[in-house]
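Have a look at the structure below before the remarks.
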Amino acid sequence: MKSFNKIIFVAVFVFTGVNANAQSFGFGCLGLSGFYAGFAKQNYDSPGLNDYISQRINFLDPSKTIITDKVEFTQGTGYRIGANFFRAKWDKFFISAKGYYQFLKESHEISAQLQNIDTREKYQLTMNHWGVGIDFGVPLFWILDWKIAEANVMFYNTEFSQETFSSSVSQGERKFKPDKNNIGYFIGTGLVLHLVPDYISVEGTAGYNIIQIDKLSNDSGITIPSASSSKKAIEKGNLSITLQLNVGFPL
């Protein structure tokens, strides 16, 4: 993290030295005192996790005639809150640094009447994470900016839970976690619409996230996927979309 901050500082110092007279450098909207909140969707491929769910369904319903729902983990949704550390503006471009925390989860349920007992299983994948990043862009009009590129590093706190209910009574919950911390990456682009210049704006971002989780395990030693599988619990990321409202207090 210290190296990241040093890179940001050096970049700002160099740019200000190159065009000290013509630039307008400041902390305006999205700046030092700027905050934001929004909604996000993140897609991913999770072959190992989906295989585990299929095995659970086969265990509960070997005949495959009672449970007909197809359960696959492919997309997490949630909310993001964060702050823009600074935004340096020049006549023709801007650069900014930001940090955020994102709540991300996906849930599924299956239910059936097995041996005259109402049985239900609930599965939930949470991929909450911290993120830090920078973006670089240009103004298109006085009310609209184009973020040419945004790059983020994410630090995930991943957990998968499985809870079984019999006649609406919980029979216990299993929780699975990675055996190591997971780091992900994001590269994307977006638009910033200024509703009240320097104070309020709406920002949309779309791009590709990169994340891989080899396996998940619980306290009992059960792993997802099984030791004999060559698949990853979560193999790779995919499309990510974020829409957020920015509120700034220029200095």
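In the structure tokens, chains take letters A, B, ... by order of appearance, with residues numbered from 1 within each chain and ligands from 1 in the order shown.
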Each region 66-183 of chain A residue no farther than 9 Å from region 38-57 of chain A, nearest pair in Å, only C-alpha atoms, as CSV:
residue,atom,partner,partner_atom,distance
A:Ile67,CA,A:Ile57,CA,7.2
A:Lys70,CA,A:Ser54,CA,8.3
A:Val71,CA,A:Ile53,CA,7.0
A:Glu72,CA,A:Asn50,CA,5.5
A:Phe73,CA,A:Ser46,CA,6.4
A:Thr74,CA,A:Tyr44,CA,5.3
A:Gln75,CA,A:Asn43,CA,4.3
A:Gly76,CA,A:Gln42,CA,5.3
A:Thr77,CA,A:Lys41,CA,4.5
A:Gly78,CA,A:Ala40,CA,5.5
A:Tyr79,CA,A:Phe39,CA,4.6
A:Arg80,CA,A:Gly38,CA,5.2
A:Ile81,CA,A:Gly38,CA,6.6
A:Gln102,CA,A:Ala40,CA,8.2
A:Phe103,CA,A:Ala40,CA,8.8
A:Leu104,CA,A:Lys41,CA,8.0
A:Ile110,CA,A:Ile57,CA,8.3
A:Tyr123,CA,A:Ile53,CA,8.6
ask   = Which parts of region 41-125 of chain A does DSSP call strand (DSSP E) when run on the backbone here, written out as a ChimeraX atom specification?
value = /A:41-45,75-89,94-114,117-125
note = Between CA of Val132 (chain A) and CA of Ala151 (chain A) lies a distance of 8.5 Å
request  = Write out as an MDAnalysis selection string which residues come within 10 Å of Ile222 (chain A) when counting only C-alpha atoms, dropping same-chain ones fewer than 5 positions away.
outcome  = chainID A and resid 174 176 216:217 227
Can I get the selected residues back with N, CA, C and O atoms, as a PDB file, in the first residue's frame?
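Final output, again-v4.pdb:
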ATOM      1  N   ARG A 174     -22.852 -24.745   7.552  1.00  0.00           N
ATOM      2  CA  ARG A 174     -21.449 -24.966   7.225  1.00  0.00           C
ATOM      3  C   ARG A 174     -20.899 -23.712   6.570  1.00  0.00           C
ATOM      4  O   ARG A 174     -21.537 -23.138   5.687  1.00  0.00           O
ATOM      5  N   PHE A 176     -17.479 -22.112   4.578  1.00  0.00           N
ATOM      6  CA  PHE A 176     -16.250 -22.430   3.870  1.00  0.00           C
ATOM      7  C   PHE A 176     -15.511 -21.132   3.546  1.00  0.00           C
ATOM      8  O   PHE A 176     -16.126 -20.147   3.114  1.00  0.00           O
ATOM      9  N   LEU A 216     -12.113 -23.716  -1.288  1.00  0.00           N
ATOM     10  CA  LEU A 216     -12.730 -23.276  -0.049  1.00  0.00           C
ATOM     11  C   LEU A 216     -12.800 -24.486   0.879  1.00  0.00           C
ATOM     12  O   LEU A 216     -13.036 -25.607   0.424  1.00  0.00           O
ATOM     13  N   SER A 217     -12.618 -24.277   2.167  1.00  0.00           N
ATOM     14  CA  SER A 217     -12.662 -25.400   3.107  1.00  0.00           C
ATOM     15  C   SER A 217     -13.310 -24.955   4.414  1.00  0.00           C
ATOM     16  O   SER A 217     -13.344 -23.765   4.738  1.00  0.00           O
ATOM     17  N   ALA A 227     -10.699 -32.846  -3.321  1.00  0.00           N
ATOM     18  CA  ALA A 227      -9.264 -32.967  -3.591  1.00  0.00           C
ATOM     19  C   ALA A 227      -8.977 -33.628  -4.934  1.00  0.00           C
ATOM     20  O   ALA A 227      -7.918 -33.408  -5.540  1.00  0.00           O
TER      21      ALA A 227
END
request  = Give me, please, the distance in Å between CA of Tyr156 (chain A) and CA of His108 (chain A), quoted to one decimal.
outcome  = 20.9 Å
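One distance worth recording is that between CA of Ala83 (chain A) and CA of Phe136 (chain A), which is 16.4 Å.
Using only C-alpha atoms, the shortest contact distance between Ile187 (chain A) and any of A:Gln115, A:Asn152, A:Ser166, A:Thr158 is found at A:Asn152.
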message = Under the rule that only C-alpha atoms are counted, which of A:Glu203, A:Asp61, A:Asp219, A:Glu235 is the nearest residue to Leu144 (chain A)?
response = A:Glu203
